[in-house]
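As provided, query_7.tsv (TSV, C-alpha atoms) reads as follows.
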chain	number	residue	atom	x	y	z
A	24	MET	CA	39.35	78.36	-171.28
A	25	LYS	CA	41.51	80.84	-173.15
A	26	LYS	CA	39.13	80.49	-176.12
A	27	VAL	CA	36.57	82.60	-174.25
A	28	TYR	CA	38.39	85.71	-175.42
A	29	SER	CA	37.79	84.73	-179.03
A	30	TRP	CA	34.01	84.45	-178.68
A	31	ASN	CA	31.84	86.55	-180.97
A	32	LEU	CA	31.09	89.87	-179.22
A	33	PRO	CA	27.32	89.89	-179.94
A	34	PHE	CA	27.21	86.41	-178.38
A	35	VAL	CA	29.06	87.73	-175.32
A	36	TRP	CA	26.57	90.60	-174.97
A	37	PHE	CA	23.70	88.11	-175.32
A	38	LEU	CA	25.22	85.94	-172.56
A	39	MET	CA	25.57	88.95	-170.28
A	40	ILE	CA	21.94	90.01	-170.74
A	41	LEU	CA	20.74	86.43	-170.34
A	42	SER	CA	22.82	86.03	-167.16
A	43	ILE	CA	21.29	89.13	-165.60
A	44	ILE	CA	17.74	88.00	-166.40
A	45	VAL	CA	18.25	84.38	-165.31
A	46	TRP	CA	20.00	85.36	-162.07
A	47	ALA	CA	17.21	87.83	-161.27
A	48	LEU	CA	14.54	85.20	-161.95
A	49	LEU	CA	16.36	82.74	-159.71
A	50	GLY	CA	16.43	85.36	-156.97
A	51	ILE	CA	12.69	85.86	-157.31
A	52	MET	CA	11.58	82.26	-157.83
A	53	ILE	CA	13.71	80.03	-155.59
A	54	ASN	CA	14.16	79.68	-151.84
A	55	LYS	CA	16.35	82.44	-150.35
A	56	LYS	CA	18.72	79.96	-148.66
A	57	ILE	CA	19.32	78.14	-151.95
A	58	TYR	CA	19.79	81.46	-153.75
A	59	LYS	CA	22.35	82.55	-151.15
A	60	ARG	CA	24.25	79.28	-151.60
A	61	LEU	CA	24.22	79.75	-155.37
A	62	ASN	CA	25.61	83.25	-154.88
A	63	ILE	CA	28.40	81.92	-152.66
A	64	ILE	CA	29.32	79.36	-155.33
A	65	LEU	CA	29.20	81.98	-158.10
A	66	ALA	CA	31.25	84.41	-155.99
A	67	ILE	CA	33.99	81.80	-155.51
A	68	LEU	CA	33.96	80.74	-159.17
A	69	SER	CA	33.97	84.30	-160.48
A	70	THR	CA	36.90	85.24	-158.23
A	71	VAL	CA	38.84	82.16	-159.40
A	72	PHE	CA	38.13	83.02	-163.06
A	73	ILE	CA	39.23	86.62	-162.55
A	74	PHE	CA	42.55	85.50	-161.05
A	75	TYR	CA	42.93	82.83	-163.74
A	76	TYR	CA	42.52	85.29	-166.61
A	77	THR	CA	44.42	88.20	-165.10
A	78	ILE	CA	47.28	86.70	-163.07
A	79	TYR	CA	47.72	82.93	-163.35
A	80	GLY	CA	49.67	81.73	-166.36
A	81	ARG	CA	50.84	85.16	-167.43
A	82	GLU	CA	54.46	85.36	-168.37
A	83	PHE	CA	56.76	87.85	-166.74
A	84	THR	CA	57.81	90.15	-169.56
A	85	GLY	CA	59.64	92.71	-167.51
A	86	GLU	CA	57.49	95.40	-169.10
A	87	HIS	CA	56.38	97.90	-166.47
A	88	THR	CA	53.90	99.99	-168.38
A	89	PHE	CA	50.76	101.82	-167.36
A	90	VAL	CA	48.43	103.45	-169.86
A	91	PHE	CA	45.00	104.79	-169.22
A	92	PHE	CA	43.63	103.83	-172.65
A	93	GLU	CA	45.27	101.79	-175.37
A	94	PRO	CA	44.95	103.14	-178.93
A	95	TYR	CA	41.51	102.46	-180.40
A	96	THR	CA	41.49	99.18	-182.35
A	97	ASP	CA	39.09	96.27	-182.74
A	98	GLU	CA	41.25	94.35	-180.27
A	99	PHE	CA	40.95	97.19	-177.73
A	100	ILE	CA	37.14	97.00	-178.00
A	101	ARG	CA	37.25	93.21	-177.58
A	102	GLU	CA	39.39	93.53	-174.45
A	103	MET	CA	37.05	96.12	-172.96
A	104	VAL	CA	33.94	93.97	-173.57
A	105	MET	CA	35.70	90.91	-172.17
A	106	ASN	CA	36.68	92.88	-169.05
A	107	ILE	CA	33.00	93.71	-168.56
A	108	PHE	CA	32.11	90.05	-169.15
A	109	LEU	CA	34.74	88.86	-166.66
A	110	TYR	CA	33.39	90.96	-163.78
A	111	LEU	CA	29.66	90.48	-164.45
A	112	PRO	CA	29.38	87.28	-162.32
A	113	LEU	CA	31.07	89.10	-159.46
A	114	GLY	CA	28.34	91.73	-159.63
A	115	LEU	CA	25.64	89.05	-159.83
A	116	SER	CA	26.86	87.28	-156.71
A	117	PHE	CA	28.65	89.73	-154.43
A	118	THR	CA	25.86	92.31	-154.37
A	119	ALA	CA	23.34	89.64	-153.38
A	120	LEU	CA	25.68	88.54	-150.59
A	121	PHE	CA	27.09	91.83	-149.30
A	122	GLY	CA	24.64	94.53	-150.39
A	123	LYS	CA	25.92	98.03	-151.04
A	124	TRP	CA	29.34	97.28	-149.53
A	125	ALA	CA	30.01	94.87	-152.37
A	126	ALA	CA	30.78	97.84	-154.63
A	127	VAL	CA	34.13	98.24	-152.88
A	128	ILE	CA	35.25	94.72	-153.87
A	129	PRO	CA	35.63	95.16	-157.66
A	130	VAL	CA	37.49	98.43	-157.18
A	131	ILE	CA	40.00	96.90	-154.76
A	132	LEU	CA	40.33	93.71	-156.81
A	133	SER	CA	40.72	95.49	-160.13
A	134	VAL	CA	43.18	98.10	-158.87
A	135	GLY	CA	45.13	95.36	-157.09
A	136	ILE	CA	45.39	93.28	-160.26
A	137	GLU	CA	46.54	96.26	-162.34
A	138	ILE	CA	49.18	97.09	-159.71
A	139	TRP	CA	50.28	93.42	-159.78
A	140	GLN	CA	50.53	93.47	-163.58
A	141	TYR	CA	52.55	96.67	-163.50
A	142	ASN	CA	54.92	95.65	-160.69
A	143	CYS	CA	55.47	92.11	-161.94
A	144	GLY	CA	55.66	93.00	-165.60
A	145	THR	CA	52.97	90.51	-166.58
A	146	GLY	CA	51.09	92.79	-168.93
A	147	VAL	CA	50.26	96.38	-169.60
A	148	ALA	CA	48.39	97.85	-166.65
A	149	GLN	CA	45.45	99.86	-167.97
A	150	GLY	CA	43.16	102.33	-166.28
A	151	SER	CA	40.49	101.42	-168.83
A	152	ASP	CA	40.52	97.85	-167.46
A	153	ILE	CA	39.54	99.16	-164.05
A	154	ILE	CA	36.67	101.18	-165.52
A	155	MET	CA	35.38	98.24	-167.59
A	156	ASN	CA	35.67	95.86	-164.63
A	157	ILE	CA	33.54	98.20	-162.52
A	158	ILE	CA	31.00	98.52	-165.34
A	159	GLY	CA	30.81	94.71	-165.53
A	160	PHE	CA	30.22	94.55	-161.79
A	161	LEU	CA	27.50	97.21	-162.01
A	162	LEU	CA	25.76	95.32	-164.82
A	163	GLY	CA	25.72	92.28	-162.57
A	164	TYR	CA	24.23	94.46	-159.85
A	165	LEU	CA	21.22	95.00	-162.14
A	166	SER	CA	20.08	91.48	-161.28
A	167	VAL	CA	19.83	92.43	-157.60
A	168	LEU	CA	17.76	95.48	-158.51
A	169	LEU	CA	15.50	93.28	-160.63
A	170	VAL	CA	15.06	90.86	-157.71
A	171	HIS	CA	13.99	93.75	-155.48
A	172	LEU	CA	11.56	94.99	-158.13
A	173	GLY	CA	10.24	91.46	-158.59
A	174	GLU	CA	9.59	91.14	-154.87
A	175	LYS	CA	7.99	94.58	-154.70
A	176	TYR	CA	5.57	93.83	-157.53
A	177	ASN	CA	5.02	90.19	-156.54
A	178	ILE	CA	6.31	88.83	-159.86
A	179	LYS	CA	6.67	85.29	-158.50
A	180	GLU	CA	2.91	84.89	-158.06
A	181	LYS	CA	2.25	86.41	-161.47
A	182	ILE	CA	4.68	84.02	-163.16
A	183	VAL	CA	3.28	81.00	-161.31
A	184	SER	CA	-0.32	81.95	-162.13
A	185	PHE	CA	0.61	82.53	-165.79
A	186	PHE	CA	2.02	79.01	-166.11
A	187	ASN	CA	-0.86	77.44	-164.15
A	188	LYS	CA	-3.47	78.67	-166.64
I need this file expressed as C-alpha coordinates, please.
Amino acid sequence: MKKVYSWNLPFVWFLMILSIIVWALLGIMINKKIYKRLNIILAILSTVFIFYYTIYGREFTGEHTFVFFEPYTDEFIREMVMNIFLYLPLGLSFTALFGKWAAVIPVILSVGIEIWQYNCGTGVAQGSDIIMNIIGFLLGYLSVLLVHLGEKYNIKEKIVSFFNK
(Lines of atoms letter the chains of each structure in order from A and count residues from 1; the text may use other names and numbers.)
(Lines give C-alpha, C1' and ligand atoms only; values in the text may rest on other atoms or scores of the structure.)
Protein backbone atom coordinates (compact mmCIF):
# COMPACT_ATOMS: atom_id res chain seq x y z
CA MET A 1 0.00 0.00 0.00
CA LYS A 2 2.82 2.42 0.69
CA LYS A 3 3.69 2.28 -3.03
CA VAL A 4 0.66 4.46 -3.76
CA TYR A 5 2.73 7.50 -2.88
CA SER A 6 5.19 6.66 -5.63
CA TRP A 7 2.58 6.56 -8.40
CA ASN A 8 3.06 8.83 -11.40
CA LEU A 9 1.25 12.14 -10.71
CA PRO A 10 -0.51 12.37 -14.12
CA PHE A 11 -1.83 8.86 -13.44
CA VAL A 12 -3.09 9.99 -10.03
CA TRP A 13 -4.88 12.98 -11.60
CA PHE A 14 -6.39 10.65 -14.22
CA LEU A 15 -7.64 8.32 -11.45
CA MET A 16 -9.20 11.24 -9.60
CA ILE A 17 -11.06 12.49 -12.67
CA LEU A 18 -12.15 8.97 -13.58
CA SER A 19 -13.38 8.37 -10.01
CA ILE A 20 -15.52 11.50 -10.06
CA ILE A 21 -17.09 10.58 -13.41
CA VAL A 22 -17.67 6.90 -12.55
CA TRP A 23 -19.13 7.70 -9.13
CA ALA A 24 -21.46 10.28 -10.68
CA LEU A 25 -22.59 7.81 -13.35
CA LEU A 26 -23.25 5.20 -10.68
CA GLY A 27 -25.34 7.73 -8.78
CA ILE A 28 -27.37 8.43 -11.91
CA MET A 29 -27.68 4.91 -13.30
CA ILE A 30 -28.15 2.50 -10.38
CA ASN A 31 -30.82 2.02 -7.74
CA LYS A 32 -30.62 4.63 -4.94
CA LYS A 33 -30.52 1.98 -2.18
CA ILE A 34 -27.57 0.24 -3.84
CA TYR A 35 -25.84 3.58 -4.39
CA LYS A 36 -26.30 4.45 -0.72
CA ARG A 37 -24.79 1.11 0.31
CA LEU A 38 -21.84 1.69 -2.01
CA ASN A 39 -21.35 5.10 -0.41
CA ILE A 40 -21.38 3.57 3.07
CA ILE A 41 -18.73 1.04 2.01
CA LEU A 42 -16.61 3.74 0.35
CA ALA A 43 -16.98 6.00 3.41
CA ILE A 44 -15.69 3.25 5.70
CA LEU A 45 -12.84 2.29 3.36
CA SER A 46 -11.77 5.89 2.77
CA THR A 47 -11.73 6.61 6.51
CA VAL A 48 -9.64 3.48 7.14
CA PHE A 49 -7.19 4.48 4.37
CA ILE A 50 -6.88 8.00 5.76
CA PHE A 51 -6.02 6.67 9.23
CA TYR A 52 -3.69 4.07 7.72
CA TYR A 53 -1.67 6.62 5.77
CA THR A 54 -1.65 9.39 8.36
CA ILE A 55 -1.51 7.69 11.77
CA TYR A 56 -1.04 3.91 11.73
CA GLY A 57 2.51 2.71 11.33
CA ARG A 58 4.11 6.10 11.79
CA GLU A 59 7.09 6.14 14.07
CA PHE A 60 7.24 8.46 17.02
CA THR A 61 10.12 10.79 16.24
CA GLY A 62 9.66 13.20 19.09
CA GLU A 63 9.61 16.03 16.58
CA HIS A 64 6.88 18.51 17.47
CA THR A 65 6.87 20.77 14.46
CA PHE A 66 4.14 22.74 12.74
CA VAL A 67 4.69 24.55 9.45
CA PHE A 68 2.08 26.04 7.24
CA PHE A 69 3.93 25.25 3.99
CA GLU A 70 7.06 23.22 3.48
CA PRO A 71 9.68 24.68 1.12
CA TYR A 72 8.71 24.21 -2.53
CA THR A 73 10.20 21.00 -3.93
CA ASP A 74 9.01 18.23 -6.23
CA GLU A 75 8.37 16.13 -3.12
CA PHE A 76 6.22 18.90 -1.63
CA ILE A 77 4.08 18.92 -4.80
CA ARG A 78 3.79 15.12 -4.68
CA GLU A 79 2.65 15.24 -1.04
CA MET A 80 0.05 17.89 -1.82
CA VAL A 81 -1.40 15.93 -4.76
CA MET A 82 -1.44 12.75 -2.69
CA ASN A 83 -3.28 14.57 0.12
CA ILE A 84 -5.93 15.56 -2.43
CA PHE A 85 -6.05 11.97 -3.69
CA LEU A 86 -6.40 10.58 -0.17
CA TYR A 87 -9.48 12.66 0.67
CA LEU A 88 -11.25 12.39 -2.70
CA PRO A 89 -13.12 9.15 -1.80
CA LEU A 90 -14.32 10.80 1.40
CA GLY A 91 -15.86 13.56 -0.70
CA LEU A 92 -17.38 11.04 -3.10
CA SER A 93 -19.10 9.11 -0.33
CA PHE A 94 -19.77 11.40 2.63
CA THR A 95 -21.52 14.12 0.62
CA ALA A 96 -23.87 11.55 -0.90
CA LEU A 97 -24.64 10.25 2.60
CA PHE A 98 -24.75 13.43 4.68
CA GLY A 99 -25.38 16.28 2.24
CA LYS A 100 -24.05 19.73 3.05
CA TRP A 101 -23.13 18.76 6.63
CA ALA A 102 -20.51 16.41 5.26
CA ALA A 103 -18.23 19.40 4.65
CA VAL A 104 -17.54 19.57 8.38
CA ILE A 105 -16.10 16.04 8.44
CA PRO A 106 -12.88 16.56 6.44
CA VAL A 107 -12.08 19.73 8.38
CA ILE A 108 -12.45 18.00 11.75
CA LEU A 109 -10.67 14.86 10.57
CA SER A 110 -7.79 16.71 8.93
CA VAL A 111 -7.24 19.15 11.79
CA GLY A 112 -7.46 16.27 14.26
CA ILE A 113 -4.83 14.27 12.39
CA GLU A 114 -2.46 17.25 12.19
CA ILE A 115 -2.90 17.86 15.93
CA TRP A 116 -2.19 14.15 16.54
CA GLN A 117 0.95 14.30 14.40
CA TYR A 118 2.16 17.39 16.22
CA ASN A 119 1.41 16.17 19.75
CA CYS A 120 2.70 12.64 19.21
CA GLY A 121 5.70 13.63 17.16
CA THR A 122 4.79 11.30 14.30
CA GLY A 123 5.51 13.74 11.50
CA VAL A 124 5.55 17.39 10.64
CA ALA A 125 2.09 18.87 11.08
CA GLN A 126 1.33 21.06 8.08
CA GLY A 127 -1.38 23.59 7.46
CA SER A 128 -1.04 22.90 3.74
CA ASP A 129 -2.13 19.29 4.39
CA ILE A 130 -5.41 20.55 5.80
CA ILE A 131 -6.00 22.75 2.76
CA MET A 132 -5.19 19.94 0.30
CA ASN A 133 -7.36 17.46 2.22
CA ILE A 134 -10.32 19.84 1.98
CA ILE A 135 -9.66 20.37 -1.74
CA GLY A 136 -9.66 16.59 -2.22
CA PHE A 137 -12.96 16.35 -0.39
CA LEU A 138 -14.44 19.14 -2.51
CA LEU A 139 -13.33 17.44 -5.72
CA GLY A 140 -15.15 14.33 -4.54
CA TYR A 141 -18.19 16.51 -3.91
CA LEU A 142 -18.24 17.26 -7.65
CA SER A 143 -19.65 13.78 -8.22
CA VAL A 144 -22.69 14.63 -6.09
CA LEU A 145 -23.22 17.81 -8.10
CA LEU A 146 -22.96 15.79 -11.32
CA VAL A 147 -25.56 13.32 -10.00
CA HIS A 148 -27.96 16.18 -9.30
CA LEU A 149 -27.36 17.62 -12.77
CA GLY A 150 -27.84 14.18 -14.30
CA GLU A 151 -31.16 13.79 -12.53
CA LYS A 152 -32.25 17.30 -13.48
CA TYR A 153 -31.52 16.75 -17.18
CA ASN A 154 -32.68 13.11 -17.21
CA ILE A 155 -29.28 11.79 -18.32
CA LYS A 156 -30.16 8.20 -17.40
CA GLU A 157 -32.82 7.98 -20.10
CA LYS A 158 -30.53 9.63 -22.64
CA ILE A 159 -27.72 7.16 -21.91
CA VAL A 160 -30.07 4.17 -22.05
CA SER A 161 -31.64 5.32 -25.32
CA PHE A 162 -28.18 5.96 -26.81
CA PHE A 163 -27.09 2.38 -26.11
CA ASN A 164 -30.42 0.91 -27.25
CA LYS A 165 -30.05 2.34 -30.76
Need the shell around Met39 of chain A: protein/DNA/RNA residues with any atom at most 12 Å away, counting only C-alpha atoms. Skip same-chain ones fewer than 3 positions apart. Format as a VMD selection string?
chain A and resid 32 to 36 42 to 46 104 to 112 114 to 115 159 to 166
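Minimum distance to Val170 of chain A across A:Ile51, A:Ile154, A:Thr77, A:Ala148 (counting only C-alpha atoms) occurs at A:Ile51.
Here atom CA of Leu49 of chain A stands at a distance of 18.6 Å from atom CA of Asn187 of chain A.
The space between atom CA of Lys123 of chain A and atom CA of Tyr58 of chain A spans 17.9 Å.
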What separation in Å, quoted to one decimal, exists between atom CA of Val127 of chain A and atom CA of Arg81 of chain A?
25.7 Å
Within 12 Å of Leu61 of chain A, counting all atoms listed in the file, which residues qualify if same-chain residues fewer than 6 places away don't, as a PyMOL selection string?
chain A and resi 46+49-50+53-55+67-69+112+115-117+119-120
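Taking all atoms listed in the file into account, Lys181 of chain A lies nearest to A:Met52 out of the set A:Ile158, A:Val27, A:Met52, A:Ile138.
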Counting only C-alpha atoms, which residue out of A:Asp97, A:Glu86, A:Glu102, A:Glu174 sits closest to Ser151 of chain A?
A:Glu102
Please provide as a PDB file with C-alpha atoms, in the coordinates of the input all residues within 8 Å of Cys143 of chain A, with the sequence filter that same-chain residues fewer than 2 positions apart are discarded (counting all atoms listed in the file).
ATOM      1  CA  PHE A  83      56.760  87.850-166.740  1.00  0.00           C
ATOM      2  CA  GLY A  85      59.640  92.710-167.510  1.00  0.00           C
ATOM      3  CA  HIS A  87      56.380  97.900-166.470  1.00  0.00           C
ATOM      4  CA  TRP A 139      50.280  93.420-159.780  1.00  0.00           C
ATOM      5  CA  GLN A 140      50.530  93.470-163.580  1.00  0.00           C
ATOM      6  CA  TYR A 141      52.550  96.670-163.500  1.00  0.00           C
ATOM      7  CA  THR A 145      52.970  90.510-166.580  1.00  0.00           C
TER       8      THR A 145
END
